[in-house]
file query-v7.cif (mmCIF, C-alpha atoms)
data_work
loop_
_atom_site.label_atom_id
_atom_site.label_comp_id
_atom_site.auth_asym_id
_atom_site.auth_seq_id
_atom_site.Cartn_x
_atom_site.Cartn_y
_atom_site.Cartn_z
CA MET S 13 33.18 -140.54 -33.04
CA LYS S 14 36.05 -138.84 -34.86
CA ARG S 15 33.79 -138.16 -37.87
CA ILE S 16 31.11 -136.66 -35.62
CA PHE S 17 33.66 -134.38 -33.93
CA THR S 18 35.05 -133.30 -37.32
CA ALA S 19 31.55 -132.53 -38.59
CA PHE S 20 30.82 -130.50 -35.43
CA CYS S 21 34.02 -128.46 -35.90
CA LEU S 22 33.08 -127.76 -39.52
CA LEU S 23 29.59 -126.59 -38.52
CA LEU S 24 31.01 -124.37 -35.77
CA SER S 25 33.57 -122.90 -38.16
CA THR S 26 30.86 -122.24 -40.76
CA ALA S 27 28.65 -120.52 -38.17
CA LEU S 28 31.51 -118.29 -37.00
CA LEU S 29 32.38 -117.32 -40.58
CA ALA S 30 28.73 -116.50 -41.27
CA GLN S 31 28.59 -114.21 -38.24
CA GLU S 32 31.87 -112.57 -39.20
CA GLU S 33 30.45 -111.86 -42.65
CA HIS S 34 27.56 -109.88 -41.12
CA ASN S 35 29.66 -108.15 -38.44
CA LEU S 36 29.89 -104.43 -39.26
CA VAL S 37 32.97 -103.98 -37.05
CA PRO S 38 36.27 -104.04 -38.97
CA ASN S 39 39.17 -105.97 -37.43
CA PRO S 40 36.86 -107.05 -34.57
CA SER S 41 39.42 -109.08 -32.59
CA PHE S 42 42.45 -106.91 -33.41
CA GLU S 43 44.22 -109.69 -35.34
CA GLU S 44 45.23 -107.50 -38.28
CA VAL S 45 48.28 -105.64 -37.00
CA ASP S 46 50.68 -103.60 -39.10
CA GLY S 47 54.03 -104.08 -37.37
CA LYS S 48 55.34 -105.36 -34.05
CA ILE S 49 54.16 -104.07 -30.68
CA LYS S 50 57.11 -102.46 -28.92
CA GLU S 51 55.54 -100.18 -26.31
CA ALA S 52 52.34 -98.99 -24.66
CA GLY S 53 49.58 -97.23 -26.57
CA GLN S 54 50.01 -98.81 -29.99
CA LEU S 55 46.35 -99.44 -30.80
CA SER S 56 46.82 -97.61 -34.12
CA LEU S 57 48.73 -100.66 -35.41
CA ALA S 58 45.36 -102.46 -35.45
CA PHE S 59 43.87 -100.28 -38.20
CA PRO S 60 41.20 -98.82 -38.38
CA TRP S 61 40.94 -98.72 -34.56
CA VAL S 62 42.08 -95.47 -32.91
CA SER S 63 42.33 -94.03 -29.40
CA ALA S 64 39.54 -91.49 -28.89
CA THR S 65 41.50 -89.26 -26.47
CA VAL S 66 45.08 -88.15 -25.96
CA ASN S 67 45.59 -91.20 -23.72
CA GLN S 68 46.45 -94.12 -25.96
CA VAL S 69 44.93 -97.63 -25.75
CA ASP S 70 47.31 -100.58 -25.34
CA LEU S 71 47.49 -103.41 -27.89
CA TYR S 72 48.53 -106.95 -26.93
CA SER S 73 49.71 -109.78 -29.18
CA ALA S 74 51.30 -113.21 -28.90
CA ASP S 75 54.19 -112.03 -31.07
CA ALA S 76 54.75 -108.61 -29.48
CA LYS S 77 58.41 -107.55 -29.33
CA ASN S 78 57.95 -106.23 -25.80
CA ASP S 79 57.03 -108.98 -23.31
CA GLU S 80 54.97 -106.47 -21.29
CA PHE S 81 52.42 -106.56 -24.13
CA GLU S 82 52.44 -110.24 -24.98
CA VAL S 83 49.53 -112.70 -24.89
CA PRO S 84 48.72 -114.51 -22.66
CA THR S 85 51.17 -113.16 -20.00
CA ASN S 86 51.87 -109.44 -19.84
CA LYS S 87 52.43 -106.55 -17.43
CA TYR S 88 48.80 -106.56 -16.25
CA GLY S 89 48.54 -110.29 -15.60
CA LYS S 90 47.61 -113.32 -17.64
CA GLU S 91 44.78 -113.70 -20.16
CA PRO S 92 44.58 -115.84 -23.31
CA ALA S 93 42.82 -114.13 -26.22
CA ARG S 94 39.18 -115.08 -26.59
CA THR S 95 39.76 -115.68 -30.29
CA GLY S 96 43.00 -115.46 -32.22
CA GLU S 97 46.10 -114.14 -30.45
CA ASN S 98 45.42 -110.45 -29.87
CA TYR S 99 43.31 -108.10 -27.73
CA VAL S 100 43.44 -104.56 -26.31
CA GLY S 101 43.62 -103.09 -22.80
CA VAL S 102 41.45 -100.17 -21.67
CA SER S 103 41.48 -98.20 -18.41
CA PHE S 104 37.88 -97.54 -17.32
CA TYR S 105 38.72 -95.85 -14.01
CA GLY S 106 41.73 -94.38 -12.21
CA TYR S 107 41.76 -93.81 -8.46
CA ARG S 108 41.77 -90.05 -7.86
CA GLY S 109 43.05 -89.55 -11.37
CA ARG S 110 46.29 -91.47 -10.79
CA MET S 111 45.75 -93.55 -13.91
CA PRO S 112 44.10 -91.86 -16.92
CA ARG S 113 41.10 -93.38 -18.67
CA THR S 114 41.37 -94.60 -22.24
CA TYR S 115 38.83 -95.10 -25.04
CA LEU S 116 38.98 -97.02 -28.32
CA SER S 117 36.95 -96.18 -31.40
CA THR S 118 36.43 -97.26 -35.01
CA LYS S 119 34.27 -96.58 -38.04
CA LEU S 120 31.83 -99.33 -39.01
CA LYS S 121 31.94 -100.99 -42.41
CA ASN S 122 28.52 -99.54 -43.24
CA PRO S 123 26.21 -97.01 -41.53
CA LEU S 124 23.31 -98.41 -39.48
CA SER S 125 19.89 -98.46 -41.17
CA LYS S 126 17.06 -96.48 -39.64
CA GLY S 127 14.65 -98.63 -37.62
CA ARG S 128 16.78 -101.79 -37.95
CA LYS S 129 17.78 -103.59 -34.76
CA TYR S 130 21.36 -104.63 -34.08
CA CYS S 131 23.08 -106.78 -31.49
CA MET S 132 26.00 -104.71 -30.21
CA ARG S 133 28.50 -106.73 -28.20
CA PHE S 134 32.04 -106.76 -26.81
CA TYR S 135 33.86 -109.06 -24.40
CA VAL S 136 35.79 -107.94 -21.31
CA SER S 137 38.04 -109.51 -18.69
CA LEU S 138 39.42 -107.65 -15.67
CA SER S 139 43.23 -107.67 -15.56
CA ASP S 140 44.88 -109.40 -12.61
CA MET S 141 46.92 -106.37 -11.49
CA SER S 142 43.94 -103.99 -11.26
CA LYS S 143 43.05 -102.87 -7.74
CA TYR S 144 39.50 -101.95 -8.73
CA ALA S 145 36.53 -103.45 -10.53
CA VAL S 146 33.93 -100.98 -11.87
CA ASN S 147 30.66 -100.74 -13.74
CA ASN S 148 29.73 -98.46 -16.66
CA LEU S 149 31.70 -100.47 -19.21
CA ALA S 150 29.88 -99.17 -22.27
CA MET S 151 29.74 -98.56 -26.00
CA HIS S 152 28.73 -95.22 -27.52
CA VAL S 153 27.15 -95.14 -30.99
CA SER S 154 27.33 -92.01 -33.14
CA ARG S 155 27.07 -90.59 -36.62
CA ASP S 156 30.26 -88.60 -36.29
CA SER S 157 33.71 -89.57 -35.11
CA VAL S 158 34.39 -89.12 -31.39
CA LEU S 159 37.88 -87.71 -30.98
CA GLU S 160 38.30 -85.70 -27.78
CA GLY S 161 41.19 -83.82 -26.26
CA GLU S 162 39.78 -84.34 -22.78
CA GLU S 163 40.74 -87.35 -20.66
CA VAL S 164 37.11 -88.17 -19.78
CA ILE S 165 34.40 -88.31 -22.44
CA ASN S 166 30.89 -87.50 -21.19
CA LEU S 167 28.39 -88.95 -23.66
CA ASP S 168 25.28 -91.12 -23.61
CA ALA S 169 26.34 -94.75 -24.04
CA PRO S 170 23.36 -97.12 -24.47
CA ILE S 171 25.33 -100.34 -24.85
CA LYS S 172 26.10 -101.49 -21.32
CA SER S 173 25.09 -104.24 -18.93
CA VAL S 174 21.42 -104.16 -17.92
CA VAL S 175 22.27 -104.83 -14.27
CA ASN S 176 25.41 -102.65 -14.59
CA LYS S 177 27.30 -103.98 -11.59
CA PRO S 178 31.10 -103.90 -11.30
CA PHE S 179 32.72 -106.52 -13.55
CA GLU S 180 35.15 -108.39 -11.32
CA GLN S 181 35.70 -111.56 -13.36
CA GLN S 182 39.36 -112.24 -14.05
CA TYR S 183 40.73 -114.84 -16.44
CA LEU S 184 37.23 -115.16 -17.90
CA TRP S 185 35.80 -113.35 -20.93
CA THR S 186 32.40 -111.82 -20.12
CA PRO S 187 30.10 -110.42 -22.84
CA ILE S 188 28.41 -107.02 -22.64
CA CYS S 189 25.63 -106.56 -25.15
CA ARG S 190 22.33 -104.81 -25.87
CA ILE S 191 19.85 -104.66 -28.71
CA TYR S 192 20.05 -101.24 -30.33
CA GLN S 193 17.43 -99.81 -32.69
CA ALA S 194 19.20 -97.44 -35.06
CA GLY S 195 18.06 -93.91 -35.68
CA GLY S 196 19.83 -94.15 -39.04
CA GLY S 197 23.26 -93.14 -40.21
CA GLU S 198 25.25 -94.14 -37.12
CA GLN S 199 28.68 -95.29 -38.29
CA PHE S 200 31.09 -94.95 -35.35
CA ILE S 201 31.41 -96.90 -32.10
CA THR S 202 33.50 -95.93 -29.07
CA ILE S 203 34.15 -98.13 -26.00
CA GLY S 204 35.00 -96.80 -22.54
CA ASN S 205 33.50 -95.33 -19.36
CA PHE S 206 31.36 -92.29 -20.20
CA ASN S 207 30.30 -91.56 -16.61
CA THR S 208 32.04 -89.51 -13.94
CA ASP S 209 33.93 -91.13 -11.08
CA GLU S 210 31.04 -90.19 -8.78
CA GLU S 211 28.63 -92.10 -11.03
CA THR S 212 30.89 -95.14 -11.26
CA ALA S 213 30.63 -97.92 -8.67
CA GLN S 214 34.01 -99.30 -7.56
CA GLU S 215 35.00 -102.46 -5.73
CA SER S 216 38.48 -102.85 -4.28
CA LEU S 217 40.17 -106.20 -4.98
CA ARG S 218 43.04 -108.14 -3.45
CA LEU S 219 45.90 -109.33 -5.59
CA SER S 220 45.84 -113.06 -6.33
CA ARG S 221 48.62 -115.15 -4.75
CA GLU S 222 49.56 -116.19 -8.27
CA PHE S 223 50.98 -112.72 -8.93
CA SER S 224 53.55 -110.56 -7.18
CA GLY S 225 54.19 -106.85 -7.22
CA ARG S 226 51.99 -103.83 -6.57
CA GLN S 227 48.48 -103.48 -7.93
CA GLU S 228 47.73 -100.65 -10.32
CA TYR S 229 45.34 -98.01 -8.96
CA ASN S 230 42.88 -98.37 -11.81
CA ALA S 231 40.26 -100.64 -13.35
CA TYR S 232 42.00 -102.00 -16.43
CA TYR S 233 40.12 -104.43 -18.67
CA TYR S 234 41.15 -106.53 -21.62
CA ILE S 235 38.72 -106.28 -24.57
CA ASP S 236 38.23 -108.72 -27.45
CA ASP S 237 35.68 -109.65 -30.14
CA VAL S 238 33.66 -106.48 -30.78
CA SER S 239 30.60 -106.97 -32.96
CA VAL S 240 27.63 -105.12 -34.44
CA ILE S 241 25.32 -107.60 -36.19
CA PRO S 242 21.78 -107.04 -37.49
CA MET S 243 19.28 -108.99 -35.41
CA ASP S 244 17.58 -110.42 -38.50
CA VAL S 245 20.76 -112.31 -39.48
CA LEU S 246 22.12 -113.02 -35.99
CA GLU S 247 22.80 -116.65 -35.15
CA GLY S 248 21.54 -117.10 -31.58
CA ASP S 249 20.28 -114.40 -29.22
CA CYS S 250 21.58 -111.09 -27.91
CA GLN S 251 21.32 -111.83 -24.19
CA CYS S 252 24.33 -111.15 -22.00
CA ASP S 253 22.67 -110.58 -18.62
CA LYS S 254 20.85 -113.27 -16.68
CA ILE S 255 17.39 -111.77 -16.26
CA ALA S 256 14.21 -113.49 -15.22
CA GLY S 257 11.98 -113.95 -18.24
CA GLY S 258 14.76 -114.08 -20.83
CA ALA S 259 16.48 -111.42 -22.85
CA MET S 260 15.76 -107.81 -22.08
CA GLU S 261 15.36 -105.50 -25.03
CA VAL S 262 15.87 -101.85 -24.18
CA GLU S 263 15.06 -98.94 -26.43
CA PHE S 264 17.65 -96.26 -25.75
CA LYS S 265 16.41 -92.70 -25.44
CA SER S 266 18.94 -89.94 -25.02
CA PHE S 267 18.27 -86.37 -24.00
CA SER S 268 18.57 -85.41 -27.65
CA THR S 269 15.64 -87.64 -28.65
CA ASP S 270 13.25 -85.60 -30.77
CA GLU S 271 9.74 -84.84 -29.59
CA ALA S 272 8.11 -87.16 -32.13
CA GLN S 273 9.99 -90.15 -30.73
CA ARG S 274 9.57 -89.46 -27.01
CA SER S 275 6.05 -90.84 -26.98
CA LYS S 276 7.43 -94.26 -27.89
CA ALA S 277 9.70 -94.40 -24.83
CA LYS S 278 8.61 -96.74 -22.04
CA LYS S 279 7.31 -95.15 -18.83
CA THR S 280 7.50 -96.45 -15.29
CA TYR S 281 4.33 -94.94 -13.81
CA LEU S 282 2.53 -91.62 -13.89
CA VAL S 283 2.18 -89.04 -11.15
CA ASN S 284 -0.85 -86.79 -11.09
CA SER S 285 -0.51 -83.03 -10.72
CA ASP S 286 -1.61 -83.30 -7.09
CA GLY S 287 1.25 -85.65 -6.28
CA SER S 288 -0.77 -88.89 -6.17
CA LYS S 289 0.07 -91.90 -8.31
CA ALA S 290 -2.09 -92.36 -11.40
CA ALA S 291 -3.26 -95.72 -10.05
CA GLU S 292 -4.97 -93.95 -7.15
CA THR S 293 -7.41 -92.26 -9.54
CA ALA S 294 -7.58 -95.05 -12.13
CA GLY S 295 -11.12 -95.71 -13.34
CA LYS S 296 -12.41 -92.31 -12.23
CA THR S 297 -13.46 -89.60 -14.62
CA PRO S 298 -11.42 -86.37 -14.57
CA THR S 299 -14.27 -84.71 -12.68
CA GLU S 300 -14.46 -87.49 -10.07
CA ALA S 301 -10.71 -87.48 -9.62
CA GLY S 302 -10.69 -83.73 -9.09
CA LYS S 303 -13.54 -83.95 -6.58
CA SER S 304 -11.75 -86.54 -4.43
CA ASN S 305 -10.21 -83.74 -2.37
CA PRO S 306 -10.57 -80.41 -4.19
CA GLU S 307 -9.53 -78.31 -1.21
CA LYS S 308 -6.31 -80.29 -0.77
CA LYS S 309 -5.63 -80.06 -4.49
CA GLU S 310 -5.99 -76.29 -4.53
CA GLU S 311 -3.84 -76.03 -1.40
CA LYS S 312 -1.03 -78.03 -3.04
CA LYS S 313 -1.18 -75.86 -6.12
CA ALA S 314 -0.73 -72.78 -3.99
CA GLU S 315 2.16 -74.26 -1.99
CA ALA S 316 4.01 -75.91 -4.86
CA PRO S 317 3.98 -73.89 -8.08
CA TYR S 318 5.88 -75.23 -11.07
CA PRO S 319 8.72 -76.19 -11.01
CA SER S 320 8.77 -76.91 -7.27
CA SER S 321 5.87 -79.32 -7.88
CA LEU S 322 7.92 -81.21 -10.47
CA GLU S 323 9.51 -84.58 -9.72
CA ILE S 324 11.79 -86.73 -11.87
CA MET S 325 11.14 -90.40 -11.17
CA PHE S 326 13.71 -93.21 -11.45
CA MET S 327 13.69 -96.96 -11.78
CA ALA S 328 14.98 -98.90 -8.76
CA LYS S 329 18.73 -98.53 -8.20
CA LYS S 330 19.10 -96.36 -11.31
CA PHE S 331 20.40 -92.81 -11.35
CA ALA S 332 20.00 -91.82 -15.00
CA PRO S 333 16.54 -90.56 -16.02
CA GLY S 334 15.12 -91.62 -19.35
CA GLY S 335 12.04 -91.76 -21.53
CA ALA S 336 9.18 -89.64 -20.21
CA GLU S 337 11.35 -88.28 -17.39
CA ALA S 338 13.81 -86.90 -19.95
CA ALA S 339 10.94 -85.02 -21.58
CA LYS S 340 10.19 -83.42 -18.19
CA LEU S 341 13.75 -82.10 -18.03
CA THR S 342 13.47 -80.64 -21.52
CA LYS S 343 10.32 -78.81 -20.45
CA LEU S 344 12.06 -77.60 -17.28
CA ALA S 345 15.01 -76.29 -19.28
CA GLU S 346 12.63 -74.36 -21.53
CA TYR S 347 10.93 -72.88 -18.45
CA LEU S 348 14.26 -71.78 -16.95
CA LYS S 349 15.31 -70.16 -20.23
CA SER S 350 12.04 -68.23 -20.29
CA ASN S 351 12.48 -67.22 -16.63
CA PRO S 352 16.17 -66.30 -16.32
CA LYS S 353 15.83 -65.01 -12.74
CA VAL S 354 14.56 -68.33 -11.36
CA LYS S 355 17.11 -70.37 -9.42
CA LEU S 356 16.49 -73.98 -8.37
CA LYS S 357 18.00 -76.43 -5.96
CA ILE S 358 18.01 -80.02 -7.26
CA VAL S 359 17.39 -82.52 -4.46
CA GLY S 360 18.13 -86.23 -4.82
CA HIS S 361 16.19 -88.88 -2.91
CA ALA S 362 16.37 -92.65 -2.46
CA ASP S 363 14.50 -95.59 -0.96
CA PRO S 364 16.06 -97.82 1.74
CA SER S 365 15.76 -100.78 -0.66
CA GLU S 366 18.46 -99.12 -2.81
CA ALA S 367 21.06 -99.07 -0.01
CA GLU S 368 23.54 -101.23 -1.93
CA VAL S 369 24.04 -98.41 -4.46
CA ALA S 370 26.21 -95.84 -2.70
CA PHE S 371 25.04 -92.21 -2.72
CA ILE S 372 22.31 -92.93 -5.26
CA GLY S 373 20.32 -89.82 -4.31
CA LYS S 374 23.38 -87.67 -4.90
CA ARG S 375 24.05 -89.37 -8.22
CA ARG S 376 20.47 -88.75 -9.34
CA ALA S 377 20.70 -85.05 -8.49
CA PHE S 378 24.10 -84.76 -10.19
CA ASN S 379 22.80 -86.41 -13.38
CA VAL S 380 19.80 -84.08 -13.51
CA GLN S 381 22.08 -81.08 -13.07
CA LYS S 382 24.38 -82.37 -15.81
CA GLU S 383 21.52 -82.80 -18.28
CA LEU S 384 20.13 -79.32 -17.58
CA ILE S 385 23.61 -77.87 -18.15
CA LYS S 386 23.73 -79.72 -21.48
CA GLN S 387 20.50 -77.96 -22.42
CA GLY S 388 21.98 -74.52 -21.77
CA ILE S 389 21.22 -73.81 -18.11
CA SER S 390 23.99 -72.20 -16.06
CA LYS S 391 25.40 -74.41 -13.30
CA ALA S 392 25.17 -71.48 -10.87
CA ARG S 393 21.35 -71.49 -11.21
CA ILE S 394 20.90 -75.18 -10.42
CA PRO S 395 22.96 -76.31 -7.39
CA TYR S 396 22.23 -79.79 -6.08
CA GLU S 397 22.17 -81.68 -2.79
CA SER S 398 21.08 -85.10 -1.58
CA LYS S 399 18.62 -86.13 1.11
CA GLU S 400 19.03 -89.85 0.34
CA THR S 401 16.34 -91.52 2.56
CA GLU S 402 15.76 -88.55 4.90
CA GLU S 403 12.60 -87.28 3.18
CA MET S 404 10.68 -90.33 1.97
CA LYS S 405 7.20 -89.88 0.53
CA SER S 406 6.06 -93.43 1.29
CA ASP S 407 6.97 -96.24 3.68
CA SER S 408 5.32 -98.89 1.52
CA ASP S 409 5.83 -97.76 -2.07
CA ALA S 410 9.54 -97.60 -2.97
CA GLY S 411 8.76 -96.07 -6.35
CA GLN S 412 7.60 -92.80 -4.79
CA ASN S 413 10.95 -92.36 -3.05
CA GLN S 414 13.10 -92.94 -6.13
CA ARG S 415 13.05 -89.35 -7.29
CA VAL S 416 14.58 -85.92 -7.70
CA SER S 417 12.64 -82.89 -6.50
CA PHE S 418 13.22 -79.15 -6.90
CA LEU S 419 13.19 -76.15 -4.58
CA ILE S 420 12.85 -72.56 -5.81
CA LEU S 421 15.62 -70.46 -4.20
#
call {"tool": "encode", "arguments": {"input": "query-v7.cif", "output": "structure tokens"}}
result
Amino acid sequence: MKRIFTAFCLLLSTALLAQEEHNLVPNPSFEEVDGKIKEAGQLSLAFPWVSATVNQVDLYSADAKNDEFEVPTNKYGKEPARTGENYVGVSFYGYRGRMPRTYLSTKLKNPLSKGRKYCMRFYVSLSDMSKYAVNNLAMHVSRDSVLEGEEVINLDAPIKSVVNKPFEQQYLWTPICRIYQAGGGEQFITIGNFNTDEETAQESLRLSREFSGRQEYNAYYYIDDVSVIPMDVLEGDCQCDKIAGGAMEVEFKSFSTDEAQRSKAKKTYLVNSDGSKAAETAGKTPTEAGKSNPEKKEEKKAEAPYPSSLEIMFMAKKFAPGGAEAAKLTKLAEYLKSNPKVKLKIVGHADPSEAEVAFIGKRRAFNVQKELIKQGISKARIPYESKETEEMKSDSDAGQNQRVSFLIL
């Protein structure tokens, strides 16, 4: 039995070393530290990791000089390292700005290769003294370094949980991972919360009886074992969420995706120009579809000229548009630039089945406004509001209600 156990340990050790060899993240578990940790915000001791904003990330170690930053017991609670003796602590949310957010970033060993798929992963554990658990724990991938003076970084971050619910596990390391297909040349990763407070779901927690003192008014997570490994050399899978049917592979499409690539993005369903779902006219020729109710079609055209006839559709319980819907926003931005006197109201909607996601209609409208601003449209021209479930299009088809519409002012 002893020989079998020894052989198993050797195989496990060999497998871990093989994965480490292919991991493009330097110092992935923060074990290489230059000096002793004496105070908060000393991430820079774990070279080449850096804090991406003016607010510095905390580094924890078993041999820290300051007991507030020791492992496993420290000022935020108790957590053994997942591997080794070190990890970092990141604030993903602060209640009404009381506690600033932090972000950590590093340069990869080698740039990502165009078209190659990678498993991007990091492990998190909510600290015991945090009053809140949140979602939107994410990794941003970029060609250039992300160093911001602002306290909150607003960027697209494709590496996050598929279900994206608040992570409330304490004293337990939970993986967050996604398969990422590289555009080519990406060589920096940054971890943090890249969404606004309004877009971030929060859950308030009670302090465990094991700890005394006052909870911190933030969502502070320990992070360990960051990895970027090519899928073709990965040992095992890249599945971190329990999803029916196995691992979910998502192709990330940002609002900067070029036109040639947009056609590859997955679509939910199509909406005809008359407002009906594509399935309603499936199998009919264009002529037959147009003849189904020509008078009604002409009437709708007269009542709802572009862009008031436009709708941005969303997946259930999601408030960030993507794929084909992103292309619609690009077209809308071009229209608004060509018609500088046009002013629109962005209206967010929701289906009753999405009730567990607070203010989802408002979040959808806010995200659409934010993306149009990114594309050069003045905020004053595109105010937003939410109707939530007040103006549903269908009582039986939730998909038709998961939308953002527009009103010409």
call {"tool": "resolve_selection", "arguments": {"input": "query-v7.cif", "expression": "the PyMOL selection byres ((chain S and resi 237) around 6)", "output": "PyMOL selection string"}}
result
chain S and resi 40-41+134+236+238
call {"tool": "write_last_selection", "arguments": {"input": "query-v7.cif", "atoms": "C-alpha atoms", "output": "PDB file, keeping the file's coordinate frame"}}
result
ATOM      1  CA  PRO S  40      36.860-107.050 -34.570  1.00  0.00           C
ATOM      2  CA  SER S  41      39.420-109.080 -32.590  1.00  0.00           C
ATOM      3  CA  PHE S 134      32.040-106.760 -26.810  1.00  0.00           C
ATOM      4  CA  ASP S 236      38.230-108.720 -27.450  1.00  0.00           C
ATOM      5  CA  VAL S 238      33.660-106.480 -30.780  1.00  0.00           C
TER       6      VAL S 238
END
call {"tool": "resolve_selection", "arguments": {"input": "query-v7.cif", "expression": "the PyMOL selection byres ((chain S and resi 195) around 8)", "output": "number ranges by chain"}}
result
S: 124-127, 193-194, 196-198
call {"tool": "resolve_selection", "arguments": {"input": "query-v7.cif", "expression": "the PyMOL selection byres ((chain S and resi 340-347) around 10)", "output": "compact mmCIF listing (two decimals) with C-alpha atoms, keeping the file's coordinate frame"}}
result
# COMPACT_ATOMS: atom_id res chain seq x y z
CA PHE S 267 18.27 -86.37 -24.00
CA SER S 268 18.57 -85.41 -27.65
CA GLU S 271 9.74 -84.84 -29.59
CA TYR S 318 5.88 -75.23 -11.07
CA PRO S 319 8.72 -76.19 -11.01
CA LEU S 322 7.92 -81.21 -10.47
CA GLU S 323 9.51 -84.58 -9.72
CA ILE S 324 11.79 -86.73 -11.87
CA MET S 325 11.14 -90.40 -11.17
CA PRO S 333 16.54 -90.56 -16.02
CA GLY S 334 15.12 -91.62 -19.35
CA GLY S 335 12.04 -91.76 -21.53
CA ALA S 336 9.18 -89.64 -20.21
CA GLU S 337 11.35 -88.28 -17.39
CA ALA S 338 13.81 -86.90 -19.95
CA ALA S 339 10.94 -85.02 -21.58
CA LEU S 348 14.26 -71.78 -16.95
CA LYS S 349 15.31 -70.16 -20.23
CA SER S 350 12.04 -68.23 -20.29
CA ASN S 351 12.48 -67.22 -16.63
CA PRO S 352 16.17 -66.30 -16.32
CA VAL S 354 14.56 -68.33 -11.36
CA VAL S 380 19.80 -84.08 -13.51
CA GLN S 381 22.08 -81.08 -13.07
CA GLU S 383 21.52 -82.80 -18.28
CA LEU S 384 20.13 -79.32 -17.58
CA ILE S 385 23.61 -77.87 -18.15
CA LYS S 386 23.73 -79.72 -21.48
CA GLN S 387 20.50 -77.96 -22.42
CA GLY S 388 21.98 -74.52 -21.77
CA ILE S 389 21.22 -73.81 -18.11
call {"tool": "closest_residue", "arguments": {"input": "query-v7.cif", "among": "S:Lys48, S:Lys119, S:Arg218, S:Arg133", "to": "Lys172 of chain S", "atoms": "all atoms listed in the file"}}
result
S:Arg133
call {"tool": "closest_atom_pairs", "arguments": {"input": "query-v7.cif", "of": "segment 212-257 of chain S", "to": "segment 160-171 of chain S", "cutoff": "12 Å", "atoms": "all atoms listed in the file", "output": "CSV"}}
result
residue,atom,partner,partner_atom,distance
S:Val238,CA,S:Ile171,CA,11.9
S:Ser239,CA,S:Ile171,CA,11.7
S:Val240,CA,S:Ile171,CA,11.0
S:Cys250,CA,S:Ile171,CA,11.8
S:Cys252,CA,S:Ile171,CA,11.2
call {"tool": "build_atoms", "arguments": {"input": "query-v7.cif", "residues": "segment 82-94 of chain S", "atoms": "N, CA and C atoms", "output": "mmCIF file, in the frame of the given file"}}
result
data_model
loop_
_atom_site.group_PDB
_atom_site.id
_atom_site.type_symbol
_atom_site.label_atom_id
_atom_site.label_comp_id
_atom_site.auth_asym_id
_atom_site.auth_seq_id
_atom_site.Cartn_x
_atom_site.Cartn_y
_atom_site.Cartn_z
ATOM 1 N N GLU S 82 52.662 -108.956 -24.357
ATOM 2 C CA GLU S 82 52.440 -110.240 -24.980
ATOM 3 C C GLU S 82 51.118 -110.855 -24.538
ATOM 4 N N VAL S 83 50.705 -111.898 -25.226
ATOM 5 C CA VAL S 83 49.530 -112.700 -24.890
ATOM 6 C C VAL S 83 50.006 -114.158 -24.787
ATOM 7 N N PRO S 84 49.691 -114.858 -23.698
ATOM 8 C CA PRO S 84 48.720 -114.510 -22.660
ATOM 9 C C PRO S 84 49.272 -113.746 -21.455
ATOM 10 N N THR S 85 50.614 -113.785 -21.203
ATOM 11 C CA THR S 85 51.170 -113.160 -20.000
ATOM 12 C C THR S 85 51.772 -111.807 -20.353
ATOM 13 N N ASN S 86 51.378 -110.778 -19.570
ATOM 14 C CA ASN S 86 51.870 -109.440 -19.840
ATOM 15 C C ASN S 86 51.953 -108.637 -18.540
ATOM 16 N N LYS S 87 52.180 -107.354 -18.635
ATOM 17 C CA LYS S 87 52.430 -106.550 -17.430
ATOM 18 C C LYS S 87 51.202 -106.435 -16.520
ATOM 19 N N TYR S 88 50.011 -106.666 -17.059
ATOM 20 C CA TYR S 88 48.800 -106.560 -16.250
ATOM 21 C C TYR S 88 48.285 -107.912 -15.752
ATOM 22 N N GLY S 89 48.978 -108.987 -16.080
ATOM 23 C CA GLY S 89 48.540 -110.290 -15.600
ATOM 24 C C GLY S 89 48.622 -111.356 -16.670
ATOM 25 N N LYS S 90 47.625 -112.220 -16.687
ATOM 26 C CA LYS S 90 47.610 -113.320 -17.640
ATOM 27 C C LYS S 90 46.201 -113.509 -18.186
ATOM 28 N N GLU S 91 46.080 -113.521 -19.512
ATOM 29 C CA GLU S 91 44.780 -113.700 -20.160
ATOM 30 C C GLU S 91 44.970 -114.183 -21.590
ATOM 31 N N PRO S 92 44.552 -115.404 -21.902
ATOM 32 C CA PRO S 92 44.580 -115.840 -23.310
ATOM 33 C C PRO S 92 43.560 -115.031 -24.099
ATOM 34 N N ALA S 93 43.803 -114.825 -25.378
ATOM 35 C CA ALA S 93 42.820 -114.130 -26.220
ATOM 36 C C ALA S 93 41.560 -114.972 -26.322
ATOM 37 N N ARG S 94 40.429 -114.314 -26.442
ATOM 38 C CA ARG S 94 39.180 -115.080 -26.590
ATOM 39 C C ARG S 94 39.163 -115.788 -27.932
#
